[in-house]
Every structure is written in structure tokens, then in C-alpha cells.
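Listing of structure11.txt; format and content: compact mmCIF, C-alpha atoms and all ligand atoms.
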```txt
# COMPACT_ATOMS: atom_id res chain seq x y z
CA MET A 103 -9.59 20.84 -9.20
CA ARG A 104 -12.98 19.11 -9.39
CA LEU A 105 -11.21 15.74 -9.18
CA LEU A 106 -9.30 16.87 -6.08
CA PHE A 107 -12.53 18.05 -4.48
CA SER A 108 -14.22 14.70 -5.22
CA LEU A 109 -11.28 12.80 -3.73
CA LEU A 110 -11.41 14.94 -0.60
CA LEU A 111 -15.12 14.26 -0.29
CA ILE A 112 -14.61 10.50 -0.56
CA VAL A 113 -11.90 10.58 2.14
CA LEU A 114 -14.17 12.64 4.39
CA VAL A 115 -17.16 10.31 4.00
CA ALA A 116 -14.96 7.24 4.58
CA SER A 117 -13.49 8.72 7.76
CA CYS A 118 -17.00 9.57 9.05
CA SER A 119 -18.13 5.99 8.68
CA THR A 120 -15.49 4.78 11.17
CA LYS A 121 -16.80 7.14 13.84
CA ASN A 122 -19.62 6.45 16.27
CA THR A 123 -22.39 8.85 17.17
CA ASN A 124 -20.35 10.37 19.99
CA ASN A 125 -17.74 11.44 17.43
CA ALA A 126 -15.21 9.32 19.24
CA PRO A 127 -13.20 7.16 16.85
CA THR A 128 -14.13 3.50 17.08
CA PRO A 129 -10.94 1.69 18.08
CA MET A 130 -10.60 -1.21 15.65
CA THR A 131 -8.15 -3.48 17.38
CA GLY A 132 -9.30 -6.70 15.73
CA LYS A 133 -9.71 -8.07 19.24
CA TYR A 134 -12.91 -9.71 20.31
CA ALA A 135 -14.20 -10.90 23.69
CA ILE A 136 -17.43 -11.88 25.41
CA ALA A 137 -18.84 -12.20 28.93
CA ILE A 138 -22.15 -13.57 30.18
CA HIS A 139 -24.00 -13.84 33.47
CA GLY A 140 -26.76 -16.10 34.69
CA GLY A 141 -27.78 -14.10 37.75
CA ALA A 142 -26.39 -13.17 41.14
CA GLY A 143 -27.61 -13.86 44.65
CA ASN A 144 -27.18 -15.84 47.79
CA LEU A 145 -25.42 -18.65 45.98
CA VAL A 146 -23.38 -20.97 48.11
CA LYS A 147 -21.87 -24.27 47.11
CA MET A 148 -23.83 -26.30 49.61
CA ASN A 149 -27.17 -25.18 48.12
CA LEU A 150 -26.37 -26.84 44.80
CA THR A 151 -25.42 -30.46 44.16
CA PRO A 152 -22.32 -31.07 42.03
CA GLN A 153 -24.68 -32.20 39.25
CA GLU A 154 -26.63 -28.94 39.46
CA GLN A 155 -23.44 -26.90 39.39
CA GLU A 156 -22.32 -28.88 36.36
CA ALA A 157 -25.67 -28.29 34.62
CA TYR A 158 -25.38 -24.50 35.09
CA LYS A 159 -21.79 -24.54 33.86
CA LEU A 160 -22.74 -26.54 30.76
CA VAL A 161 -25.37 -24.02 29.69
CA LEU A 162 -23.09 -21.07 30.45
CA ASP A 163 -20.45 -22.79 28.35
CA SER A 164 -22.72 -23.33 25.37
CA ALA A 165 -23.98 -19.72 25.53
CA LEU A 166 -20.40 -18.43 25.64
CA THR A 167 -19.32 -20.72 22.82
CA ALA A 168 -22.23 -19.65 20.60
CA GLY A 169 -21.34 -15.98 21.06
CA ASP A 170 -17.63 -16.60 20.66
CA GLU A 171 -18.11 -18.47 17.37
CA ILE A 172 -20.01 -15.53 15.90
CA LEU A 173 -17.31 -13.09 17.01
CA ARG A 174 -14.45 -15.29 15.78
CA ALA A 175 -16.08 -15.49 12.34
CA GLY A 176 -16.18 -11.69 12.20
CA GLY A 177 -19.84 -11.40 13.19
CA SER A 178 -21.26 -8.47 15.11
CA ALA A 179 -21.33 -7.98 18.87
CA ILE A 180 -25.10 -7.53 18.70
CA ASP A 181 -25.53 -10.94 17.01
CA ALA A 182 -23.25 -12.57 19.59
CA VAL A 183 -25.21 -11.03 22.47
CA GLU A 184 -28.59 -12.09 21.10
CA SER A 185 -27.49 -15.61 20.35
CA ALA A 186 -25.82 -16.20 23.76
CA ILE A 187 -28.87 -14.84 25.59
CA LYS A 188 -31.31 -16.96 23.55
CA ILE A 189 -29.53 -20.11 24.70
CA MET A 190 -29.96 -19.11 28.35
CA GLU A 191 -33.58 -18.01 27.76
CA ASP A 192 -34.37 -21.43 26.31
CA CYS A 193 -32.99 -23.20 29.39
CA PRO A 194 -35.39 -23.58 32.35
CA LEU A 195 -32.50 -23.23 34.81
CA PHE A 196 -32.34 -19.47 34.39
CA ASN A 197 -34.86 -16.80 35.33
CA ALA A 198 -35.42 -15.61 31.77
CA GLY A 199 -37.55 -16.88 28.89
CA ARG A 200 -38.57 -20.46 29.64
CA GLY A 201 -37.43 -20.56 33.28
CA SER A 202 -38.96 -17.22 34.26
CA VAL A 203 -40.32 -16.79 37.79
CA PHE A 204 -44.00 -16.18 38.51
CA THR A 205 -45.73 -12.97 39.47
CA HIS A 206 -48.01 -12.88 42.52
CA GLU A 207 -50.96 -13.61 40.23
CA GLY A 208 -49.23 -16.63 38.71
CA TYR A 209 -48.06 -15.22 35.37
CA ASN A 210 -44.60 -15.10 33.83
CA GLU A 211 -43.86 -11.48 32.95
CA MET A 212 -40.55 -10.98 31.23
CA ASP A 213 -38.36 -7.95 30.56
CA ALA A 214 -35.41 -7.63 28.16
CA ALA A 215 -33.20 -4.98 26.59
CA ILE A 216 -30.44 -4.84 24.01
CA MET A 217 -28.11 -2.00 23.03
CA ASP A 218 -25.71 -1.47 20.15
CA GLY A 219 -22.68 0.55 21.27
CA SER A 220 -21.77 1.55 17.72
CA ASN A 221 -24.74 3.89 17.29
CA LEU A 222 -26.46 3.96 20.71
CA GLU A 223 -29.50 2.28 19.17
CA CYS A 224 -31.43 0.25 21.72
CA GLY A 225 -34.69 -1.62 22.20
CA ALA A 226 -36.56 -3.18 25.10
CA VAL A 227 -39.72 -5.00 26.08
CA ALA A 228 -41.31 -5.20 29.53
CA GLY A 229 -44.00 -7.33 31.11
CA VAL A 230 -44.39 -9.68 28.15
CA ARG A 231 -46.06 -13.04 28.82
CA HIS A 232 -45.93 -14.93 25.54
CA ILE A 233 -42.69 -14.11 23.74
CA LYS A 234 -40.40 -17.14 23.59
CA ASN A 235 -37.23 -15.07 23.36
CA PRO A 236 -37.77 -11.59 24.77
CA ILE A 237 -34.23 -10.57 23.75
CA SER A 238 -35.17 -11.05 20.08
CA ALA A 239 -38.28 -8.96 20.59
CA ALA A 240 -36.10 -6.24 22.16
CA ARG A 241 -33.81 -6.37 19.15
CA SER A 242 -36.77 -6.10 16.85
CA VAL A 243 -37.98 -3.00 18.73
CA MET A 244 -34.48 -1.55 18.27
CA GLU A 245 -34.27 -2.30 14.56
CA LYS A 246 -37.84 -2.15 13.31
CA SER A 247 -39.64 0.48 15.38
CA GLU A 248 -39.27 4.16 16.09
CA PHE A 249 -39.57 3.44 19.83
CA ILE A 250 -37.25 2.07 22.51
CA LEU A 251 -39.40 0.43 25.20
CA LEU A 252 -42.66 -1.43 24.54
CA LYS A 253 -44.72 -3.09 27.25
CA SER A 254 -47.20 -5.91 27.76
CA GLU A 255 -49.85 -6.56 25.06
CA GLY A 256 -48.52 -3.77 22.85
CA ALA A 257 -45.06 -5.31 22.85
CA GLU A 258 -46.57 -8.70 22.06
CA ALA A 259 -48.65 -7.28 19.20
CA PHE A 260 -45.53 -5.63 17.74
CA ALA A 261 -43.49 -8.83 18.15
CA THR A 262 -46.22 -10.85 16.42
CA GLU A 263 -46.25 -8.40 13.51
CA GLN A 264 -42.49 -8.78 13.21
CA GLY A 265 -42.69 -12.59 13.09
CA ILE A 266 -41.08 -13.08 16.52
CA GLU A 267 -41.91 -16.52 17.98
CA ILE A 268 -44.88 -16.47 20.35
CA ALA A 269 -45.34 -19.21 22.97
CA ASP A 270 -48.31 -20.36 25.02
CA SER A 271 -48.20 -19.68 28.79
CA SER A 272 -47.70 -23.40 29.39
CA TYR A 273 -44.27 -23.19 27.71
CA PHE A 274 -43.04 -21.00 30.59
CA PHE A 275 -44.41 -23.17 33.39
CA THR A 276 -41.84 -24.93 35.58
CA GLN A 277 -42.80 -26.69 38.80
CA HIS A 278 -39.73 -25.37 40.58
CA ARG A 279 -40.68 -21.74 39.92
CA TRP A 280 -44.30 -22.44 40.87
CA ASP A 281 -43.16 -23.89 44.20
CA GLN A 282 -40.97 -20.82 44.74
CA LEU A 283 -44.01 -18.61 44.25
CA GLN A 284 -46.07 -20.59 46.77
CA GLU A 285 -43.27 -20.23 49.34
CA ALA A 286 -42.96 -16.51 48.66
CA ILE A 287 -46.72 -16.02 49.02
CA GLU A 288 -46.71 -18.01 52.23
CA ASP A 289 -43.81 -15.97 53.54
CA ASP A 290 -45.71 -12.77 52.88
CA LYS A 291 -48.47 -14.04 55.17
CA THR A 292 -45.87 -14.98 57.75
CA GLU A 293 -44.35 -11.53 57.40
CA LEU A 294 -47.73 -9.87 57.88
CA ASP A 295 -48.31 -12.05 60.92
CA HIS A 296 -45.01 -10.82 62.37
CA SER A 297 -44.22 -14.29 63.56
CA GLY A 298 -40.55 -14.09 62.52
CA LYS A 299 -40.70 -17.71 61.35
CA LYS A 300 -39.35 -16.94 57.91
CA SER A 301 -35.76 -16.14 58.64
CA ALA A 302 -35.33 -18.85 61.23
CA SER A 303 -36.66 -21.84 59.36
CA LYS A 304 -36.86 -20.94 55.69
CA PRO A 305 -34.69 -19.08 53.24
CA ASP A 306 -36.47 -16.25 51.43
CA HIS A 307 -36.43 -17.36 47.81
CA ARG A 308 -37.28 -13.88 46.57
CA GLU A 309 -34.00 -12.68 48.00
CA GLU A 310 -32.04 -15.83 47.42
CA LYS A 311 -31.20 -15.75 43.76
CA TYR A 312 -31.62 -13.33 40.92
CA GLY A 313 -31.34 -15.64 37.90
CA THR A 314 -31.45 -13.01 35.18
CA VAL A 315 -29.22 -13.56 32.16
CA GLY A 316 -27.03 -11.11 30.29
CA CYS A 317 -24.24 -10.80 27.79
CA VAL A 318 -21.73 -8.15 26.72
CA ALA A 319 -19.43 -8.45 23.72
CA LEU A 320 -16.75 -6.70 21.69
CA ASP A 321 -16.47 -7.63 18.01
CA LYS A 322 -13.51 -7.46 15.65
CA ASN A 323 -14.72 -4.11 14.29
CA GLY A 324 -14.46 -2.52 17.71
CA ASN A 325 -18.21 -2.52 18.31
CA LEU A 326 -19.66 -3.18 21.75
CA ALA A 327 -23.11 -4.54 22.60
CA ALA A 328 -25.03 -5.46 25.75
CA GLY A 329 -28.22 -7.38 26.44
CA THR A 330 -30.18 -8.49 29.51
CA SER A 331 -33.23 -10.72 29.87
CA THR A 332 -35.22 -11.60 32.99
CA GLY A 333 -38.42 -12.88 34.52
CA GLY A 334 -37.92 -10.31 37.29
CA LEU A 335 -38.59 -11.10 40.93
CA THR A 336 -40.74 -13.98 42.22
CA ASN A 337 -44.07 -12.76 43.61
CA LYS A 338 -43.73 -9.31 42.01
CA ARG A 339 -47.03 -7.49 41.55
CA TYR A 340 -48.75 -4.34 40.29
CA GLY A 341 -46.92 -4.59 36.95
CA ARG A 342 -43.55 -4.13 38.62
CA ILE A 343 -40.70 -3.66 36.15
CA GLY A 344 -37.06 -3.95 37.15
CA ASP A 345 -33.80 -2.52 35.87
CA SER A 346 -33.13 -5.01 33.06
CA PRO A 347 -35.20 -3.32 30.31
CA LEU A 348 -34.26 0.18 31.44
CA ILE A 349 -31.45 1.52 29.29
CA GLY A 350 -28.76 2.93 31.59
CA SER A 351 -29.93 1.03 34.67
CA GLY A 352 -29.53 -2.68 33.86
CA THR A 353 -28.23 -2.49 30.30
CA TYR A 354 -25.95 -0.07 28.46
CA ALA A 355 -23.42 -0.04 25.60
CA ASP A 356 -21.33 2.70 24.03
CA ASN A 357 -18.29 2.02 21.85
CA SER A 358 -16.42 4.93 23.38
CA THR A 359 -16.62 3.50 26.91
CA CYS A 360 -18.00 0.04 27.65
CA ALA A 361 -20.94 -2.37 27.56
CA VAL A 362 -22.65 -3.45 30.80
CA SER A 363 -25.36 -5.93 31.81
CA CYS A 364 -26.54 -6.05 35.43
CA THR A 365 -28.29 -8.52 37.68
CA GLY A 366 -29.67 -8.15 41.18
CA LYS A 367 -32.49 -6.35 42.94
CA GLY A 368 -33.60 -4.03 40.17
CA GLU A 369 -34.76 -1.21 42.40
CA ASP A 370 -31.18 -0.65 43.62
CA PHE A 371 -29.82 -0.61 40.08
CA ILE A 372 -32.49 1.84 38.94
CA ARG A 373 -31.72 4.17 41.87
CA LEU A 374 -28.05 4.33 40.93
CA ASN A 375 -28.46 4.04 37.16
CA VAL A 376 -25.67 1.50 37.49
CA ALA A 377 -24.84 0.59 33.88
CA HIS A 378 -24.67 4.18 32.68
CA ASP A 379 -22.80 5.29 35.80
CA ILE A 380 -20.02 2.81 35.03
CA ALA A 381 -19.79 4.14 31.45
CA SER A 382 -19.83 7.74 32.72
CA MET A 383 -16.94 7.12 35.09
CA ILE A 384 -14.86 5.89 32.19
CA ARG A 385 -15.93 8.79 30.00
CA TYR A 386 -15.53 11.65 32.45
CA GLN A 387 -12.85 10.40 34.81
CA ASN A 388 -10.92 8.32 32.33
CA THR A 389 -10.81 5.43 34.81
CA THR A 390 -10.21 1.81 33.86
CA LEU A 391 -13.17 -0.52 33.43
CA GLN A 392 -12.24 -2.44 36.56
CA SER A 393 -12.01 0.60 38.78
CA ALA A 394 -15.27 2.07 37.39
CA CYS A 395 -17.03 -1.24 38.12
CA ASP A 396 -15.48 -1.51 41.58
CA SER A 397 -16.47 2.02 42.42
CA VAL A 398 -20.10 1.63 41.30
CA ILE A 399 -20.79 -1.99 42.35
CA MET A 400 -18.49 -2.52 45.33
CA GLY A 401 -18.73 1.14 46.41
CA LYS A 402 -22.04 2.85 45.62
CA LEU A 403 -24.25 -0.23 45.28
CA LYS A 404 -22.85 -1.79 48.43
CA SER A 405 -23.27 1.46 50.36
CA ILE A 406 -27.04 1.33 49.78
CA LYS A 407 -27.00 -2.39 50.65
CA GLY A 408 -27.70 -3.17 47.00
CA ARG A 409 -27.56 -6.81 46.08
CA GLY A 410 -26.23 -7.99 42.73
CA GLY A 411 -23.50 -7.42 40.23
CA CYS A 412 -22.67 -6.83 36.59
CA ILE A 413 -20.58 -7.99 33.69
CA ALA A 414 -18.78 -5.29 31.73
CA ILE A 415 -16.41 -5.11 28.77
CA ASP A 416 -14.50 -2.17 27.33
CA ASN A 417 -13.42 -1.37 23.80
CA GLN A 418 -10.06 -3.09 24.35
CA GLY A 419 -11.74 -6.33 25.40
CA LYS A 420 -10.99 -5.95 29.11
CA ILE A 421 -13.63 -7.63 31.25
CA ALA A 422 -14.87 -7.01 34.81
CA MET A 423 -17.46 -9.07 36.70
CA PRO A 424 -17.94 -7.61 40.21
CA PHE A 425 -20.82 -8.46 42.57
CA THR A 426 -21.88 -7.80 46.14
CA THR A 427 -23.66 -11.14 46.69
CA SER A 428 -22.08 -14.45 47.63
CA GLY A 429 -22.21 -15.62 44.05
CA MET A 430 -22.87 -14.67 40.47
CA PHE A 431 -23.09 -17.23 37.68
CA ARG A 432 -20.73 -15.85 35.07
CA GLY A 433 -18.33 -16.68 32.29
CA CYS A 434 -16.12 -15.04 29.75
CA ILE A 435 -13.75 -15.61 26.90
CA ASP A 436 -11.26 -12.77 26.99
CA ALA A 437 -9.33 -11.14 24.16
CA GLU A 438 -6.52 -13.69 24.60
CA GLY A 439 -9.00 -16.53 24.16
CA LYS A 440 -8.91 -17.57 27.83
CA LYS A 441 -12.22 -19.01 29.00
CA GLN A 442 -13.55 -18.91 32.57
CA ILE A 443 -16.87 -20.13 33.96
CA LEU A 444 -17.42 -19.28 37.62
CA LEU A 445 -20.28 -19.54 40.08
CA TYR A 446 -19.20 -18.27 43.49
CA ALA A 447 -17.48 -15.37 45.16
CA GLU A 448 -14.29 -17.01 46.28
CA GLU A 449 -13.25 -17.35 42.67
CA PRO A 450 -11.60 -14.41 40.87
CA THR A 451 -14.04 -11.66 39.88
CA SER A 452 -12.00 -10.20 37.04
CA VAL A 453 -9.88 -11.90 34.44
CA ASN A 454 -7.61 -9.22 33.07
CA PRO A 455 -7.66 -6.13 35.30
N1 LIG A 501 -32.59 -7.33 37.99
C1 LIG A 501 -33.74 -8.17 37.84
C2 LIG A 501 -34.97 -7.41 38.28
O1 LIG A 501 -34.90 -6.71 39.28
C3 LIG A 501 -33.66 -9.44 38.62
C4 LIG A 501 -32.40 -10.24 38.43
O2 LIG A 501 -31.36 -9.70 38.14
O3 LIG A 501 -32.47 -11.47 38.57
O4 LIG A 501 -35.99 -7.57 37.69
```
In C-alpha cells, what does this structure look like?
Ligand code: ASP
Amino acid sequence: MRLLFSLLLIVLVASCSTKNTNNAPTPMTGKYAIAIHGGAGNLVKMNLTPQEQEAYKLVLDSALTAGDEILRAGGSAIDAVESAIKIMEDCPLFNAGRGSVFTHEGYNEMDAAIMDGSNLECGAVAGVRHIKNPISAARSVMEKSEFILLKSEGAEAFATEQGIEIADSSYFFTQHRWDQLQEAIEDDKTELDHSGKKSASKPDHREEKYGTVGCVALDKNGNLAAGTSTGGLTNKRYGRIGDSPLIGSGTYADNSTCAVSCTGKGEDFIRLNVAHDIASMIRYQNTTLQSACDSVIMGKLKSIKGRGGCIAIDNQGKIAMPFTTSGMFRGCIDAEGKKQILLYAEEPTSVNP
């Protein structure tokens, strides 16, 4: 009798360990897939030389490959997400980590978040100026602290304690971003002068491109993860924080629904709580990933004139990458192993609807 009871107990404990915190069974399909983005915005072919387009594609490719290799070897979705994002953070082409845009006062203030869909654990940092890879700091907050979102000096002090790499301000300086800031500041003056010169002669770089980076992944154990990292908006001020580090707005992952990373004008994504709304549509309306993404991004976001898009993956490895802008740098390797790297809108926005 006692033996039977012990056996029952073992079976019960084993079955609990394959469930996530929502009590929904984690579907272990053995499939794995990954998607990344490098920002959305007013991206048209003629604004980039073929060499520039190639350069973006090369970095997207190496980020995808790094994540894919981890997943193929049986690694976790959270490791794949962190490693893909670090590659984009280290590249000055993207508005995250090294290539972050400048605030009005001339600082680089970065935000990042990461979420593990297997247990709804998450971590984020906001307004950090000296952390080389904010996504790793966010992960450290998730794994090593009792908190979820740390900001500014406090986040940097915590990251330092955890041995996260700190970088001098000069590491984040890029001439291109500095020039963008000067134009944005100048445009503000023009705007205040009501001369109307801005739209006629100059593009508004603050609106032109949101070069945030993000990654979503499904691993062989059926676990989903999402991460987002950004320098925010050029010329932002007053400690402005966008959607990227806000769990549910720019970043969300839950094994029972999907993982989402957003890019675009953060205020619109915060208003609609975009990432969580997509997951909620799947949970409560039992819709497909593609139709949840279409409804939230192409429906709700567009209806408030929201600019941007998202990458999303469900627990079967289906991927959606919708956006309302003319382009979104994006790539994926789907559950069949098919790779796509795309920059503009005329190309397909989903790979396996
Ligand atoms: N969503 C980011 C923010 O508002 C910007 C971006 O996606 O590029 O801070």
C-alpha cells in the first residue's frame, strides 16, 4: 500500500513539472523556431544603398543563426533570445546597446526586457546609460532579484553587483546618431517657429525609423521566450521610457499562448498593451497567432494611427511579423527550418499562417 502511494506521488510530481504556472500543459512538440526584428519605420528601399541593406541583412542573419544554433542543440528559448539580441546590441547599426540614439541632453538611455514563457518570470531595465548589453542586465534582474523593473543608477548598481559588463559613455557614441539628434533638436525649433519647413525639406528622423531590436523563440521543450532592447526615441527627454521594458506592452511570453516583441512608437504600444493583448486574444478567443496579430497590429494599432509592428511566435512554432509602417527589419527560421530575412513591406509579412 505504502509502495503504491509512493509511486502515485512520484507520478503526480513528474506530471506537475511538465505544466507551466497557468496550469496549461506545455506542448512538447520537439519543434523549435525563432524570429527577430531590428526595428520598424519609414523604411523605403531608396533610403538605403544596396551595401547598407546588405549590412543590415548580414547582422540579422548572424543574430538569427546564433539563436538557431542554441535551439537546435536543445538549448533554451531564453538563451537563444539573449544571445540573438546581444549580437544586435553590439552592432552600431541598430538602436540598441552600442548604436543607441541620444536623448535631448545628449545621453544614451537604454531600455530592455526579457520574459520566460515557461514560468512567467521576467526582468527589465530602463534608462540605463552604461550597460553594454541591457538585455543581459534584464535577464539578471529576472533571475537574481526579487524585482521586475529597475531603472537608471539603481539598475546599473545592481548590474555591476551581478558582474554584468559596464561600458563608458564613449562606447555608445556614434556620429550618425549624434547628427540625428542635432537634426531633431533643430526641427523642434523649426516646429516652435511654425515655419513648416520641416516636412517640406527634411525628413523627421524621430519619426523615420524605430531601430529597436527584439527576438522571440520556441525551444524543443515547448518553452517560449521574448526579449526587446532599445535606445528609445531620438531627442526623448524628461526620463521618457517607452514600451520595450514594460512587460505586456512591448514584450511578453507565455507558453500557453505566444511570445511577442514589439517595435514602434512606444506610447501607442503602451496605450494598447499590445504584446499582452495579442496573447489574450489567443487565450480567450482561441484565435490563431496570425489573426490575433492582425487584429491588434493591423486593426487596433492602425486605428489609433500607431506606427510600428511586432514579431510573434506561438507554441507550435508558427510565426507572424505584422507592421503598419513601410518597413520592418525582420527575420525568422521557422519550425521547418526555412529562413527569411526581410526589410520592407512589399515582402511577405508572415511565413506560415
Ligand atoms: N518602441 C521603442 C520606444 O518607443 C522604439 C522603437 O521601437 O524603436 O522606445
Can you tell me which residues come within 8 Å of ligand LIG 501 (chain A) when counting all atoms listed in the file, ideally as a list of chain:residue names?
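The distance check yields A:Gly141, A:Ala142, A:Asn197, A:Asp213, A:Lys311, A:Tyr312, A:Gly313, A:Thr314, A:Val315, A:Thr332, A:Gly333, A:Gly334, A:Leu335, A:Ile343, A:Gly344, A:Asp345, A:Ser346, A:Gly352, A:Cys364, A:Thr365, A:Gly366, A:Lys367, A:Gly368, A:Glu369, A:Phe371, A:Gly410.
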For the selection you just gave me, I'd like the residues written to a file as a short mmCIF file (atom, residue, chain, number, x, y, z; two decimals), in the frame of the given file, keeping C-alpha atoms.
```cif
data_model
loop_
_atom_site.label_atom_id
_atom_site.label_comp_id
_atom_site.auth_asym_id
_atom_site.auth_seq_id
_atom_site.Cartn_x
_atom_site.Cartn_y
_atom_site.Cartn_z
CA GLY A 141 -27.78 -14.10 37.75
CA ALA A 142 -26.39 -13.17 41.14
CA ASN A 197 -34.86 -16.80 35.33
CA ASP A 213 -38.36 -7.95 30.56
CA LYS A 311 -31.20 -15.75 43.76
CA TYR A 312 -31.62 -13.33 40.92
CA GLY A 313 -31.34 -15.64 37.90
CA THR A 314 -31.45 -13.01 35.18
CA VAL A 315 -29.22 -13.56 32.16
CA THR A 332 -35.22 -11.60 32.99
CA GLY A 333 -38.42 -12.88 34.52
CA GLY A 334 -37.92 -10.31 37.29
CA LEU A 335 -38.59 -11.10 40.93
CA ILE A 343 -40.70 -3.66 36.15
CA GLY A 344 -37.06 -3.95 37.15
CA ASP A 345 -33.80 -2.52 35.87
CA SER A 346 -33.13 -5.01 33.06
CA GLY A 352 -29.53 -2.68 33.86
CA CYS A 364 -26.54 -6.05 35.43
CA THR A 365 -28.29 -8.52 37.68
CA GLY A 366 -29.67 -8.15 41.18
CA LYS A 367 -32.49 -6.35 42.94
CA GLY A 368 -33.60 -4.03 40.17
CA GLU A 369 -34.76 -1.21 42.40
CA PHE A 371 -29.82 -0.61 40.08
CA GLY A 410 -26.23 -7.99 42.73
#
```
Hey, which of A:Ala239, A:Leu195, A:Met383, A:Ile180 ends up closest to Tyr158 (chain A)? Count all atoms listed in the file.
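Looking at the shortest contact to Tyr158 (chain A), the residue is A:Leu195.
Excluding region 386-394 of chain A itself and same-chain residues fewer than 6 positions from it, the residues having an atom within 8 Å of it are Cys360, Ile380, Ala414, Ile415, Asp416, Lys420, Ile421, Ala422, Ser452 and Pro455 of chain A, counting all atoms listed in the file.
Nearest-residue note for Asn221 (chain A): choosing from A:Ile349, A:Arg339, A:Tyr209, A:Leu326, the minimum distance belongs to A:Leu326, counting only C-alpha atoms.
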Of the listed residues A:Leu374, A:Cys224, A:Ala157, A:Ala437, that which approaches Ala328 (chain A) most closely, counting all atoms listed in the file:
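Nearest candidate to Ala328 (chain A) out of A:Leu374, A:Cys224, A:Ala157, A:Ala437: A:Cys224.
Shortest atom-to-atom contact with Ser331 (chain A) among A:Ile406, A:Leu145, A:Leu348, A:Ile435: A:Leu348, counting all atoms listed in the file.
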Neighbours of region 228-234 of chain A within 8 Å (only C-alpha atoms; same-chain residues fewer than 4 positions away dropped), as a VMD selection string?
chain A and resid 192 199 to 200 209 to 214 239 251 to 255 257 to 258 261 266 to 271 341 343 347
Quick check, in Å to one decimal: how far apart do CA of Glu171 (chain A) and CA of Glu438 (chain A) lie?
14.5 Å
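In this model, the gap between CA of Glu285 (chain A) and CA of Val146 (chain A) comes to 19.9 Å.
Considering all atoms listed in the file, the residue among A:Gly324, A:Gly329, A:Val203, A:Asp379 positioned nearest to Ile237 (chain A) is A:Gly329.
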Select, from A:Arg279, A:Arg432, A:Lys440, A:Arg409, the residue with the minimum atom-to-atom distance to Asp163 (chain A), counting all atoms listed in the file.
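So, comparing all the options, the nearest one is A:Arg432.
Going from CA of Phe431 (chain A) to CA of Gly419 (chain A) covers 20.0 Å.
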With a distance cut-off of 9 Å and all atoms listed in the file, select the neighbouring residues of Thr426 (chain A), excluding the residue or stretch itself and same-chain residues fewer than 4 positions from it, and output the selection as a PDB file with C-alpha atoms, keeping the file's coordinate frame.
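New file part_34.pdb:
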```
ATOM      1  CA  ALA A 142     -26.390 -13.170  41.140  1.00  0.00           C
ATOM      2  CA  GLY A 143     -27.610 -13.860  44.650  1.00  0.00           C
ATOM      3  CA  ILE A 399     -20.790  -1.990  42.350  1.00  0.00           C
ATOM      4  CA  MET A 400     -18.490  -2.520  45.330  1.00  0.00           C
ATOM      5  CA  LEU A 403     -24.250  -0.230  45.280  1.00  0.00           C
ATOM      6  CA  LYS A 404     -22.850  -1.790  48.430  1.00  0.00           C
ATOM      7  CA  LYS A 407     -27.000  -2.390  50.650  1.00  0.00           C
ATOM      8  CA  GLY A 408     -27.700  -3.170  47.000  1.00  0.00           C
ATOM      9  CA  ARG A 409     -27.560  -6.810  46.080  1.00  0.00           C
ATOM     10  CA  GLY A 410     -26.230  -7.990  42.730  1.00  0.00           C
ATOM     11  CA  GLY A 411     -23.500  -7.420  40.230  1.00  0.00           C
ATOM     12  CA  MET A 430     -22.870 -14.670  40.470  1.00  0.00           C
ATOM     13  CA  ALA A 447     -17.480 -15.370  45.160  1.00  0.00           C
TER      14      ALA A 447
END
```
